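Raw coords_5.cif, mmCIF, C-alpha atoms:
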```
data_input
#
loop_
_atom_site.label_atom_id
_atom_site.label_comp_id
_atom_site.auth_asym_id
_atom_site.auth_seq_id
_atom_site.Cartn_x
_atom_site.Cartn_y
_atom_site.Cartn_z
CA MET A 10 -83.42 -204.88 54.77
CA ALA A 11 -81.42 -204.53 58.02
CA ARG A 12 -79.17 -201.83 56.63
CA PHE A 13 -82.18 -200.12 55.11
CA CYS A 14 -84.02 -200.02 58.44
CA ARG A 15 -80.98 -198.69 60.28
CA ALA A 16 -80.34 -195.82 57.86
CA GLY A 17 -82.65 -193.25 59.50
CA LEU A 18 -82.39 -190.65 56.75
CA TYR A 19 -83.25 -191.44 53.11
CA LEU A 20 -81.91 -188.92 50.61
CA VAL A 21 -83.90 -188.66 47.38
CA THR A 22 -82.09 -186.65 44.72
CA SER A 23 -83.28 -183.97 42.33
CA GLN A 24 -80.89 -182.07 40.12
CA GLU A 25 -83.48 -179.31 39.56
CA LEU A 26 -83.78 -178.68 43.29
CA SER A 27 -80.08 -178.64 44.06
CA ARG A 28 -79.48 -174.93 43.50
CA GLY A 29 -77.17 -175.38 40.57
CA ARG A 30 -75.01 -178.04 42.22
CA SER A 31 -74.79 -181.45 40.58
CA THR A 32 -76.60 -184.44 42.04
CA LEU A 33 -73.23 -186.17 42.26
CA ASP A 34 -71.87 -183.35 44.44
CA ILE A 35 -74.99 -183.40 46.63
CA ILE A 36 -74.58 -187.14 47.11
CA LYS A 37 -70.90 -186.79 48.01
CA ALA A 38 -71.82 -184.15 50.60
CA ALA A 39 -74.63 -186.29 51.98
CA LEU A 40 -72.39 -189.34 52.30
CA ALA A 41 -69.84 -187.17 54.11
CA GLY A 42 -72.67 -186.09 56.42
CA GLY A 43 -73.47 -189.70 57.31
CA VAL A 44 -76.26 -190.61 54.87
CA ARG A 45 -76.30 -194.37 54.20
CA LEU A 46 -79.37 -194.67 51.95
CA ILE A 47 -79.86 -192.86 48.65
CA GLN A 48 -82.56 -192.90 46.04
CA LEU A 49 -81.48 -191.63 42.66
CA ARG A 50 -84.53 -189.87 41.25
CA GLU A 51 -83.99 -187.63 38.24
CA LYS A 52 -87.27 -187.42 36.41
CA ASN A 53 -86.14 -184.99 33.74
CA MET A 54 -82.77 -186.50 32.88
CA PRO A 55 -82.39 -188.29 29.52
CA LEU A 56 -82.05 -192.00 30.20
CA PRO A 57 -78.46 -192.44 28.95
CA ASP A 58 -77.33 -189.63 31.29
CA PHE A 59 -79.30 -191.17 34.13
CA VAL A 60 -77.64 -194.55 33.56
CA ARG A 61 -74.17 -192.98 33.53
CA LEU A 62 -74.91 -191.06 36.74
CA ALA A 63 -76.31 -194.20 38.35
CA GLU A 64 -73.10 -196.07 37.53
CA GLN A 65 -71.03 -193.31 39.14
CA VAL A 66 -73.20 -193.26 42.26
CA ARG A 67 -73.07 -197.06 42.42
CA ARG A 68 -69.25 -196.92 42.50
CA LEU A 69 -69.30 -194.25 45.22
CA THR A 70 -71.82 -196.05 47.42
CA ALA A 71 -70.17 -199.44 46.91
CA GLU A 72 -66.93 -198.03 48.35
CA THR A 73 -68.69 -197.02 51.56
CA ASP A 74 -71.11 -199.96 51.57
CA ASP A 75 -74.12 -197.65 51.39
CA LEU A 76 -77.47 -198.44 49.81
CA LEU A 77 -78.52 -197.19 46.40
CA ILE A 78 -82.14 -197.35 45.25
CA ILE A 79 -83.08 -196.37 41.69
CA ASN A 80 -86.35 -194.55 41.11
CA ASP A 81 -88.85 -195.98 38.63
CA ARG A 82 -86.62 -198.01 36.28
CA LEU A 83 -86.18 -201.65 37.26
CA ASP A 84 -84.01 -202.25 34.20
CA VAL A 85 -81.59 -199.52 35.28
CA ALA A 86 -81.54 -200.83 38.85
CA MET A 87 -80.70 -204.32 37.62
CA GLY A 88 -78.30 -203.06 34.96
CA ILE A 89 -76.10 -201.06 37.33
CA GLY A 90 -76.37 -203.47 40.25
CA ALA A 91 -78.32 -201.19 42.57
CA ASP A 92 -79.61 -202.46 45.90
CA GLY A 93 -83.17 -201.62 45.03
CA VAL A 94 -85.79 -199.89 42.96
CA HIS A 95 -88.53 -197.53 44.06
CA LEU A 96 -91.81 -197.77 42.16
CA GLY A 97 -94.59 -195.19 42.10
CA GLN A 98 -98.24 -196.00 41.52
CA THR A 99 -97.84 -195.32 37.78
CA ASP A 100 -94.47 -197.07 37.43
CA PHE A 101 -93.63 -200.68 36.74
CA PRO A 102 -95.87 -203.11 38.68
CA VAL A 103 -94.43 -204.26 42.01
CA ALA A 104 -95.46 -207.91 41.54
CA MET A 105 -93.73 -208.11 38.15
CA ALA A 106 -90.61 -206.49 39.59
CA ARG A 107 -90.57 -208.97 42.46
CA LYS A 108 -90.77 -211.86 40.01
CA LEU A 109 -87.93 -210.52 37.85
CA ALA A 110 -85.73 -209.56 40.79
CA PRO A 111 -86.44 -211.81 43.78
CA ASP A 112 -83.58 -210.40 45.89
CA LEU A 113 -83.89 -206.70 45.16
CA ILE A 114 -85.15 -204.16 47.68
CA ILE A 115 -88.42 -203.01 46.12
CA GLY A 116 -90.11 -199.90 47.46
CA ALA A 117 -93.58 -198.69 46.59
CA SER A 118 -95.18 -195.27 46.94
CA THR A 119 -98.49 -195.43 48.80
CA HIS A 120 -100.99 -192.72 49.58
CA ASN A 121 -103.81 -194.59 51.29
CA ALA A 122 -104.62 -197.84 53.08
CA ALA A 123 -105.71 -199.64 49.90
CA GLU A 124 -102.40 -198.90 48.19
CA VAL A 125 -100.49 -200.01 51.28
CA GLU A 126 -102.30 -203.34 51.20
CA VAL A 127 -101.79 -203.85 47.45
CA ALA A 128 -98.09 -202.98 47.62
CA GLN A 129 -97.21 -205.29 50.47
CA THR A 130 -99.26 -208.15 49.03
CA ALA A 131 -97.46 -207.65 45.70
CA GLY A 132 -94.11 -208.13 47.39
CA ALA A 133 -92.82 -204.65 48.28
CA SER A 134 -89.85 -204.72 50.67
CA TYR A 135 -90.88 -201.36 52.05
CA ILE A 136 -93.53 -198.79 51.38
CA ASN A 137 -93.32 -195.05 51.38
CA ILE A 138 -96.15 -193.19 53.05
CA GLY A 139 -96.75 -189.75 51.63
CA PRO A 140 -96.97 -187.01 50.73
CA LEU A 141 -97.27 -185.91 54.35
CA PHE A 142 -97.00 -182.16 53.88
CA PRO A 143 -97.19 -179.77 50.90
CA THR A 144 -94.03 -180.02 48.84
CA GLN A 145 -92.53 -178.51 45.70
CA THR A 146 -91.17 -181.86 44.46
CA LYS A 147 -94.54 -183.38 43.73
CA SER A 148 -97.56 -181.94 42.00
CA TRP A 149 -100.28 -183.57 43.97
CA SER A 150 -104.00 -183.24 43.62
CA GLY A 151 -104.85 -185.53 46.54
CA GLU A 152 -104.92 -184.81 50.25
CA PHE A 153 -101.74 -184.41 52.26
CA LEU A 154 -101.71 -187.12 54.89
CA GLY A 155 -100.32 -185.13 57.79
CA LEU A 156 -99.44 -186.80 61.09
CA GLU A 157 -102.92 -188.24 61.54
CA GLY A 158 -102.85 -189.92 58.12
CA LEU A 159 -99.38 -191.21 58.84
CA ARG A 160 -100.51 -192.83 62.10
CA ILE A 161 -103.35 -194.63 60.30
CA LEU A 162 -101.20 -195.91 57.41
CA ALA A 163 -98.34 -196.84 59.73
CA LYS A 164 -100.74 -199.21 61.49
CA ALA A 165 -101.66 -200.80 58.15
CA ALA A 166 -98.01 -201.39 57.23
CA ARG A 167 -96.66 -204.89 57.80
CA VAL A 168 -93.40 -204.05 55.99
CA PRO A 169 -90.96 -201.29 56.96
CA PHE A 170 -92.10 -197.86 55.86
CA THR A 171 -90.53 -194.56 54.99
CA VAL A 172 -92.23 -191.17 55.11
CA MET A 173 -91.91 -188.35 52.62
CA GLY A 174 -93.30 -185.08 51.40
CA GLY A 175 -92.37 -181.59 52.57
CA ILE A 176 -90.48 -182.86 55.62
CA LYS A 177 -88.30 -180.31 57.39
CA ARG A 178 -86.01 -180.61 60.39
CA GLU A 179 -88.70 -179.31 62.74
CA HIS A 180 -91.08 -182.14 61.79
CA ILE A 181 -88.73 -184.88 62.94
CA PRO A 182 -89.77 -185.22 66.60
CA ASP A 183 -93.46 -185.50 65.64
CA LEU A 184 -92.68 -188.02 62.88
CA LEU A 185 -90.68 -190.23 65.24
CA GLN A 186 -93.49 -189.94 67.76
CA ALA A 187 -95.91 -191.13 65.05
CA GLY A 188 -93.80 -194.23 64.45
CA ALA A 189 -91.56 -193.20 61.54
CA ARG A 190 -88.01 -194.55 61.61
CA THR A 191 -86.79 -193.79 58.09
CA ILE A 192 -87.35 -190.26 56.88
CA ALA A 193 -87.07 -189.42 53.21
CA VAL A 194 -86.17 -185.91 52.12
CA VAL A 195 -85.30 -184.09 48.94
CA THR A 196 -84.89 -180.34 49.40
CA ALA A 197 -84.11 -180.47 53.14
CA VAL A 198 -80.72 -181.73 51.92
CA THR A 199 -80.47 -180.94 48.18
CA ALA A 200 -81.46 -177.29 48.56
CA ALA A 201 -79.70 -176.69 51.88
CA ALA A 202 -76.97 -174.06 51.97
CA ASN A 203 -74.72 -176.79 53.36
CA PRO A 204 -76.07 -180.23 52.37
CA GLU A 205 -73.48 -182.09 54.44
CA ALA A 206 -74.33 -180.18 57.63
CA ALA A 207 -78.07 -180.46 56.92
CA ALA A 208 -77.82 -184.22 56.52
CA ARG A 209 -75.70 -184.60 59.65
CA GLU A 210 -78.09 -182.52 61.71
CA MET A 211 -81.20 -184.42 60.58
CA LEU A 212 -79.48 -187.73 61.20
CA SER A 213 -78.53 -186.74 64.71
CA LEU A 214 -82.12 -185.66 65.43
CA ILE A 215 -83.41 -189.02 64.11
CA GLN A 216 -80.81 -191.18 65.79
CA GLY A 217 -80.78 -189.13 68.98
CA HIS A 218 -84.46 -189.85 69.40
CA ASP A 219 -83.88 -193.53 68.77
CA GLY A 220 -81.14 -193.43 71.39
CA GLN A 221 -83.54 -191.99 73.98
CA ARG A 222 -86.17 -194.48 72.97
CA THR A 223 -84.03 -197.48 73.86
CA LEU A 224 -83.72 -196.09 77.42
CA VAL A 225 -87.47 -196.15 77.97
CA MET B 28 -83.57 -214.70 14.77
CA ALA B 29 -84.76 -217.08 12.02
CA ARG B 30 -88.42 -216.24 12.55
CA PHE B 31 -87.54 -212.57 12.74
CA CYS B 32 -85.70 -212.64 9.41
CA ARG B 33 -88.53 -214.52 7.69
CA ALA B 34 -91.26 -212.13 8.85
CA GLY B 35 -90.99 -209.62 5.98
CA LEU B 36 -93.31 -207.02 7.46
CA TYR B 37 -92.73 -205.50 10.90
CA LEU B 38 -95.76 -203.75 12.37
CA VAL B 39 -94.97 -200.99 14.86
CA THR B 40 -98.04 -199.82 16.75
CA SER B 41 -99.28 -196.37 17.64
CA GLN B 42 -102.65 -195.82 19.28
CA GLU B 43 -102.64 -192.15 18.24
CA LEU B 44 -102.24 -193.04 14.57
CA SER B 45 -104.90 -195.76 14.46
CA ARG B 46 -107.86 -193.54 13.58
CA GLY B 47 -109.74 -194.17 16.79
CA ARG B 48 -109.31 -197.93 16.71
CA SER B 49 -107.49 -199.60 19.60
CA THR B 50 -103.98 -200.91 19.17
CA LEU B 51 -105.29 -204.32 20.21
CA ASP B 52 -107.80 -204.28 17.33
CA ILE B 53 -105.13 -203.14 14.87
CA ILE B 54 -102.91 -206.01 16.01
CA LYS B 55 -105.71 -208.54 15.66
CA ALA B 56 -106.36 -207.30 12.12
CA ALA B 57 -102.66 -207.38 11.26
CA LEU B 58 -102.27 -210.94 12.57
CA ALA B 59 -105.29 -211.94 10.49
CA GLY B 60 -103.53 -210.31 7.52
CA GLY B 61 -100.45 -212.47 8.03
CA VAL B 62 -98.18 -210.25 10.13
CA ARG B 63 -95.77 -212.35 12.23
CA LEU B 64 -93.67 -209.63 13.88
CA ILE B 65 -95.01 -206.82 16.05
CA GLN B 66 -93.40 -204.04 17.99
CA LEU B 67 -95.56 -202.57 20.70
CA ARG B 68 -94.68 -198.89 20.78
CA GLU B 69 -97.03 -196.60 22.69
CA LYS B 70 -95.01 -193.59 23.72
CA ASN B 71 -97.88 -191.70 25.33
CA MET B 72 -99.52 -194.53 27.26
CA PRO B 73 -99.17 -194.58 31.07
CA LEU B 74 -96.87 -197.46 32.00
CA PRO B 75 -99.45 -199.59 33.88
CA ASP B 76 -101.74 -199.46 30.83
CA PHE B 77 -98.83 -200.29 28.56
CA VAL B 78 -97.94 -203.32 30.69
CA ARG B 79 -101.54 -204.57 30.65
CA LEU B 80 -101.74 -204.15 26.88
CA ALA B 81 -98.39 -205.88 26.45
CA GLU B 82 -99.67 -208.84 28.47
CA GLN B 83 -102.74 -209.07 26.24
CA VAL B 84 -100.67 -208.89 23.06
CA ARG B 85 -98.26 -211.49 24.45
CA ARG B 86 -101.16 -213.91 24.94
CA LEU B 87 -102.44 -213.25 21.40
CA THR B 88 -99.05 -213.65 19.73
CA ALA B 89 -98.14 -216.70 21.81
CA GLU B 90 -101.22 -218.50 20.49
CA THR B 91 -100.07 -217.97 16.90
CA ASP B 92 -96.35 -218.29 17.68
CA ASP B 93 -95.69 -214.77 16.41
CA LEU B 94 -92.94 -212.45 17.62
CA LEU B 95 -93.52 -209.58 20.04
CA ILE B 96 -90.93 -206.87 20.55
CA ILE B 97 -91.42 -204.18 23.21
CA ASN B 98 -90.30 -200.65 22.48
CA ASP B 99 -87.91 -198.93 24.87
CA ARG B 100 -88.59 -200.77 28.16
CA LEU B 101 -86.38 -203.76 28.83
CA ASP B 102 -88.09 -204.34 32.17
CA VAL B 103 -91.49 -204.61 30.51
CA ALA B 104 -90.10 -206.93 27.81
CA MET B 105 -88.63 -209.21 30.47
CA GLY B 106 -91.66 -208.93 32.74
CA ILE B 107 -94.21 -210.03 30.15
CA GLY B 108 -91.97 -212.57 28.44
CA ALA B 109 -91.66 -210.74 25.11
CA ASP B 110 -89.34 -212.05 22.42
CA GLY B 111 -87.41 -208.84 22.29
CA VAL B 112 -86.92 -205.18 23.05
CA HIS B 113 -86.27 -202.32 20.67
CA LEU B 114 -83.99 -199.57 21.95
CA GLY B 115 -83.64 -196.07 20.53
CA GLN B 116 -80.50 -193.97 20.79
CA THR B 117 -81.82 -192.30 23.95
CA ASP B 118 -83.23 -195.47 25.52
CA PHE B 119 -81.61 -198.09 27.72
CA PRO B 120 -78.04 -198.94 26.60
CA VAL B 121 -77.82 -201.95 24.28
CA ALA B 122 -74.75 -203.43 25.98
CA MET B 123 -76.43 -203.35 29.40
CA ALA B 124 -79.58 -204.91 27.97
CA ARG B 125 -77.52 -207.68 26.36
CA LYS B 126 -75.88 -208.42 29.72
CA LEU B 127 -79.20 -208.57 31.58
CA ALA B 128 -80.99 -210.57 28.89
CA PRO B 129 -78.53 -212.75 26.96
CA ASP B 130 -81.21 -214.56 24.95
CA LEU B 131 -83.53 -211.67 24.09
CA ILE B 132 -83.85 -210.23 20.59
CA ILE B 133 -82.44 -206.73 21.02
CA GLY B 134 -83.01 -204.17 18.30
CA ALA B 135 -81.38 -200.77 18.03
CA SER B 136 -82.37 -197.67 16.09
CA THR B 137 -79.52 -196.37 13.95
CA HIS B 138 -79.33 -193.31 11.75
CA ASN B 139 -75.75 -193.34 10.48
CA ALA B 140 -72.75 -195.63 10.06
CA ALA B 141 -71.26 -194.77 13.45
CA GLU B 142 -74.48 -195.78 15.25
CA VAL B 143 -74.67 -199.00 13.22
CA GLU B 144 -71.16 -199.90 14.34
CA VAL B 145 -71.78 -199.05 18.00
CA ALA B 146 -75.07 -200.98 18.10
CA GLN B 147 -73.76 -204.19 16.59
CA THR B 148 -70.61 -204.10 18.71
CA ALA B 149 -72.78 -203.62 21.81
CA GLY B 150 -74.68 -206.80 21.00
CA ALA B 151 -77.76 -205.77 19.02
CA SER B 152 -79.53 -208.73 17.37
CA TYR B 153 -80.76 -206.45 14.61
CA ILE B 154 -80.58 -202.78 13.75
CA ASN B 155 -83.20 -200.54 12.30
CA ILE B 156 -82.06 -198.16 9.57
CA GLY B 157 -84.09 -195.00 9.36
CA PRO B 158 -85.86 -192.74 9.06
CA LEU B 159 -85.79 -193.30 5.31
CA PHE B 160 -88.52 -190.89 4.27
CA PRO B 161 -90.42 -188.03 5.96
CA THR B 162 -92.92 -189.42 8.46
CA GLN B 163 -95.49 -188.19 10.91
CA THR B 164 -94.51 -190.71 13.61
CA LYS B 165 -91.13 -189.19 14.33
CA SER B 166 -90.15 -185.58 14.82
CA TRP B 167 -86.76 -185.65 13.26
CA SER B 168 -84.27 -182.86 12.83
CA GLY B 169 -81.68 -184.94 10.97
CA GLU B 170 -81.51 -185.94 7.31
CA PHE B 171 -83.80 -188.57 5.87
CA LEU B 172 -81.65 -191.39 4.59
CA GLY B 173 -83.52 -192.20 1.39
CA LEU B 174 -82.55 -195.16 -0.73
CA GLU B 175 -78.96 -194.00 -1.15
CA GLY B 176 -78.45 -193.73 2.62
CA LEU B 177 -80.06 -197.13 3.04
CA ARG B 178 -77.63 -198.74 0.59
CA ILE B 179 -74.65 -197.30 2.46
CA LEU B 180 -75.85 -198.37 5.92
CA ALA B 181 -77.00 -201.76 4.67
CA LYS B 182 -73.39 -202.44 3.65
CA ALA B 183 -72.20 -201.49 7.14
CA ALA B 184 -74.66 -203.88 8.81
CA ARG B 185 -73.26 -207.25 9.91
CA VAL B 186 -76.51 -208.12 11.74
CA PRO B 187 -79.97 -208.31 10.14
CA PHE B 188 -81.53 -204.94 9.60
CA THR B 189 -85.00 -203.49 9.30
CA VAL B 190 -85.95 -200.27 7.56
CA MET B 191 -88.42 -197.66 8.72
CA GLY B 192 -89.75 -194.17 8.26
CA GLY B 193 -92.51 -193.02 5.96
CA ILE B 194 -92.61 -196.30 4.05
CA LYS B 195 -95.62 -196.78 1.79
CA ARG B 196 -96.62 -199.68 -0.42
CA GLU B 197 -95.14 -198.08 -3.50
CA HIS B 198 -91.66 -197.94 -1.90
CA ILE B 199 -91.42 -201.70 -1.44
CA PRO B 200 -89.86 -202.71 -4.79
CA ASP B 201 -87.09 -200.10 -4.40
CA LEU B 202 -86.47 -201.10 -0.79
CA LEU B 203 -86.12 -204.76 -1.68
CA GLN B 204 -83.81 -203.76 -4.53
CA ALA B 205 -81.70 -201.84 -2.02
CA GLY B 206 -81.31 -204.96 0.10
CA ALA B 207 -84.11 -204.60 2.67
CA ARG B 208 -85.83 -207.82 3.72
CA THR B 209 -87.78 -206.69 6.79
CA ILE B 210 -89.87 -203.59 6.38
CA ALA B 211 -91.21 -201.74 9.40
CA VAL B 212 -94.34 -199.65 9.12
CA VAL B 213 -96.68 -197.77 11.40
CA THR B 214 -99.37 -195.84 9.55
CA ALA B 215 -99.26 -197.93 6.35
CA VAL B 216 -101.15 -200.45 8.50
CA THR B 217 -102.42 -198.63 11.61
CA ALA B 218 -104.04 -195.79 9.64
CA ALA B 219 -105.21 -197.89 6.70
CA ALA B 220 -108.94 -198.03 6.01
CA ASN B 221 -108.59 -201.81 6.22
CA PRO B 222 -105.49 -202.72 8.25
CA GLU B 223 -105.87 -206.45 7.56
CA ALA B 224 -105.98 -205.94 3.78
CA ALA B 225 -103.15 -203.38 3.93
CA ALA B 226 -100.94 -205.81 5.83
CA ARG B 227 -101.76 -208.70 3.50
CA GLU B 228 -101.02 -206.63 0.43
CA MET B 229 -97.67 -205.34 1.70
CA LEU B 230 -96.67 -208.85 2.75
CA SER B 231 -97.47 -210.26 -0.65
CA LEU B 232 -95.40 -207.51 -2.30
CA ILE B 233 -92.47 -208.29 0.02
CA GLN B 234 -92.71 -212.05 -0.19
CA GLY B 235 -93.56 -212.06 -3.89
CA HIS B 236 -90.32 -210.30 -4.58
CA ASP B 237 -88.43 -212.75 -2.40
CA GLY B 238 -90.08 -215.57 -4.35
CA GLN B 239 -88.83 -214.12 -7.63
CA ARG B 240 -85.44 -213.56 -6.16
CA THR B 241 -84.89 -217.21 -5.35
CA LEU B 242 -85.45 -218.00 -9.04
CA VAL B 243 -82.53 -215.81 -10.13
#
```
Structure rendered as structure tokens:
Amino acid sequence: MARFCRAGLYLVTSQELSRGRSTLDIIKAALAGGVRLIQLREKNMPLPDFVRLAEQVRRLTAETDDLLIINDRLDVAMGIGADGVHLGQTDFPVAMARKLAPDLIIGASTHNAAEVEVAQTAGASYINIGPLFPTQTKSWSGEFLGLEGLRILAKAARVPFTVMGGIKREHIPDLLQAGARTIAVVTAVTAAANPEAAAREMLSLIQGHDGQRTLV
Amino acid sequence: MARFCRAGLYLVTSQELSRGRSTLDIIKAALAGGVRLIQLREKNMPLPDFVRLAEQVRRLTAETDDLLIINDRLDVAMGIGADGVHLGQTDFPVAMARKLAPDLIIGASTHNAAEVEVAQTAGASYINIGPLFPTQTKSWSGEFLGLEGLRILAKAARVPFTVMGGIKREHIPDLLQAGARTIAVVTAVTAAANPEAAAREMLSLIQGHDGQRTLV
């Protein structure tokens, strides 16, 4: 998990939200912009296409020693040799995944303190806390956590956590202040006019803050 | 595969086509009727529910030493300790499944000679040939194979094969004549007024024929 915790920015892909560019091209741009941690999430892609794309992204990220997490499908993650799998509340059970893949990075989506507790007890390597803010990538009938919700769940987390949901560049200082160290984004990179520049800029905001923090 | 090849009848489940009865109850009835081979296929069930049901059915079938195959999800099959997984043309790739699970029964849906060849080369333990006849369980834009198509694909099969698609009791003699030994059904059991009796009757038709055949 050391590389995971150092990554700072966590790019989650979405072909539909990439303004006509391919997810592969977005990932190449993001890697060029310094991204070291990618979650391949393509909810509407037929599985054979998803597997082929995952194999391509695995080759790319292996060359640069970057981390690849597969959304939802443990079998795909294991099949293509990904570093991890990310499991939502209605995906494959975390405890079963941990048993089948003892060494895999396993992430779990959590939306409240009870889910945080269940996920880390079940063996999640990290949890995602979200959605923080309204977002077009998730239809969500629950409450948005906001910074106050984040602070509460961050305290409940004994494993590393990521944050997600409607995060834009301007939120970063507040998120870091609230304890976030790994910030997950979709459209802030995938829908940016220049995904490489957008990734680089967010990373420098995240890592710049960390740099200041070590001086305190 | 010996138990698989001896089973004769292959029950494929579908909650929606069980006339308000639960898949678990249909399976209990089918087991009572002599079914020894079950594929759990619940395309519209949320994954956590599917996993829980699969665990229940695994316990049931383990008690009677019957075979359980999971549709589509290799991770679920591995996670609950199923005997096998059945993969459609748009599911997880057979070759990747074979690599991850060397000892699992892996079935593949095939609809023409090219798919038969690809599936058995990729490492399928068995192939399903279908759909033979019009059926309400599959929206299908291709041709129905019929008995003639079955004969052609059966010749191409080097691994054991099952047949599926709109099969009713009255088709069984012709199917056996065409070389089928394992007959997969959904509604012929799940939608029967008495699933236990329906299963028993189909099994006796299938095994009766086999009995005669050994006398030839």
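Among B:His198, B:Arg79, B:His138, B:Arg46, the residue with the shortest atom-to-atom distance to chain A, counting only C-alpha atoms, is B:Arg79.
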Can you pull out every residue within 8 Å of Pro55 in chain A, counting all atoms listed in the file, but drop anything in the same chain fewer than 3 positions away, and send it as a PyMOL selection string?
-> (chain A and resi 58-59) or (chain B and resi 117)
Taking only C-alpha atoms into account, what are the residues of chain A at most 7 Å from chain B, put as an mmCIF file with C-alpha atoms, keeping the file's coordinate frame?
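Output saved as result12.cif:
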```
data_model
loop_
_atom_site.group_PDB
_atom_site.id
_atom_site.type_symbol
_atom_site.label_atom_id
_atom_site.label_comp_id
_atom_site.auth_asym_id
_atom_site.auth_seq_id
_atom_site.Cartn_x
_atom_site.Cartn_y
_atom_site.Cartn_z
ATOM 1 C CA PRO A 55 -82.390 -188.290 29.520
ATOM 2 C CA LEU A 56 -82.050 -192.000 30.200
ATOM 3 C CA PRO A 57 -78.460 -192.440 28.950
ATOM 4 C CA LEU A 83 -86.180 -201.650 37.260
ATOM 5 C CA ASP A 84 -84.010 -202.250 34.200
ATOM 6 C CA GLY A 88 -78.300 -203.060 34.960
ATOM 7 C CA THR A 99 -97.840 -195.320 37.780
ATOM 8 C CA ASP A 100 -94.470 -197.070 37.430
ATOM 9 C CA PHE A 101 -93.630 -200.680 36.740
ATOM 10 C CA PRO A 102 -95.870 -203.110 38.680
ATOM 11 C CA MET A 105 -93.730 -208.110 38.150
ATOM 12 C CA LEU A 109 -87.930 -210.520 37.850
#
```
Exercise: range 196-206 of chain A partners within 8 Å, all atoms listed in the file, chain neighbours under 3 positions left out, as a ChimeraX atom specification = /A:20,22-23,26-28,35,38-42,176-178,209-210
For Leu184 in chain A, list every protein, DNA or RNA residue within 12 Å, evaluated using only C-alpha atoms, and leave out those in the same chain fewer than 3 positions away; present the list as a PyMOL selection string.
-> chain A and resi 17+138+141-142+155-160+163+171-174+176-181+187-193+214-215+218-219
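Taking CA of Ala131 in chain A as the reference point, CA of Pro169 in chain A is found at 14.5 Å.
Atom to atom, CA of Leu131 in chain B and CA of Leu94 in chain B stand 11.4 Å apart.
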Selected by the PyMOL selection byres ((chain B and resi 109) around 7) in the shown coordinates: which residues, as a PyMOL selection string?
-> chain B and resi 85+95-97+104-105+107-108+110-111
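Taking CA of Glu124 in chain A and CA of His95 in chain A as endpoints, the distance between them is 14.5 Å.
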